[in-house]
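Chemist: The structure's right below; bear with me while I get my questions together.
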Amino acid sequence: MAQTIEAHGNVIYEQNRDPKLNLTGEKAVGTLVDNNIVVTNSDRQERVVTEIFPE
């Protein structure tokens, strides 16, 4: 059984393993088992922010 997630509002996804990254947006949908998270914004004026922290 896949662990599906869906979040609405001010969504912040943080991944603390290689690669360490943050995603910020309005909506997130994905499956944890596949390590697949999609963060989107419906307002084109507000961008989705992706931060990658290389070691």
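Chains: A, B, ... in order of the structure tokens. Residues: from 1 per chain. Ligands: from 1, in order shown.
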Write out as a PyMOL selection string each polymer residue whose atoms come within 9 Å of A:Thr4, counting only C-alpha atoms; drop sequence neighbours fewer than 4 positions from it.
Modeler: chain A and resi 29-33
Chemist: List the neighbours of A:Arg47 out to 10 Å using only C-alpha atoms; skip same-chain residues closer than 3 positions along the sequence, and give me the result as a compact mmCIF listing (two decimals) with C-alpha atoms, in the first residue's frame.
Modeler:
# COMPACT_ATOMS: atom_id res chain seq x y z
CA THR A 24 7.57 25.71 -0.76
CA GLY A 25 4.21 26.23 -2.50
CA GLU A 26 0.42 26.14 -2.24
CA THR A 40 2.49 23.58 -7.16
CA ASN A 41 0.89 27.05 -7.01
CA SER A 42 -2.35 27.99 -8.78
CA ASP A 43 -1.41 31.69 -8.74
CA ARG A 44 1.19 32.33 -11.44
CA THR A 50 13.03 25.00 -4.53
Chemist: Name the closest residue to A:Gly9 among the candidates A:Leu21, A:Ala28, A:Glu55, A:Gln45; distances are taken between atoms, counting only C-alpha atoms.
Modeler: A:Ala28
Chemist: Within 6 Å of A:Leu23, counting only C-alpha atoms, which residues show up once you throw out same-chain ones fewer than 5 positions away? Write them as a list in words, please.
Modeler: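 Using only C-alpha atoms, the neighbours found are Ile12, Tyr13, Val49 and Thr50 of chain A.
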Chemist: Taking the DSSP assignment computed from this structure's backbone, write out as a PyMOL selection string all residues of chain A that belong to strand (DSSP E).
Modeler: chain A and resi 4-15+20-31+36-40+49-53
Chemist: Of the residues A:Asn22, A:Val39, A:Pro54, A:Asp34, which is the one nearest to A:Ala7, using only C-alpha atoms?
Modeler: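 Counting only C-alpha atoms, the residue closest to A:Ala7 is A:Val39.
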Chemist: Please measure the separation of atom CA of A:Val38 and atom CA of A:Val11, giving the value in Å to one decimal.
Modeler: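 According to the coordinates, atom CA of A:Val38 and atom CA of A:Val11 are separated by 10.9 Å.
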Chemist: Separation of atom CA of A:Ile5 and atom CA of A:Ile37, in Å?
Modeler: 8.4 Å
Chemist: So how far away is atom CA of A:Pro19 from atom CA of A:Val48, in Å?
Modeler: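 The value is 18.2 Å.
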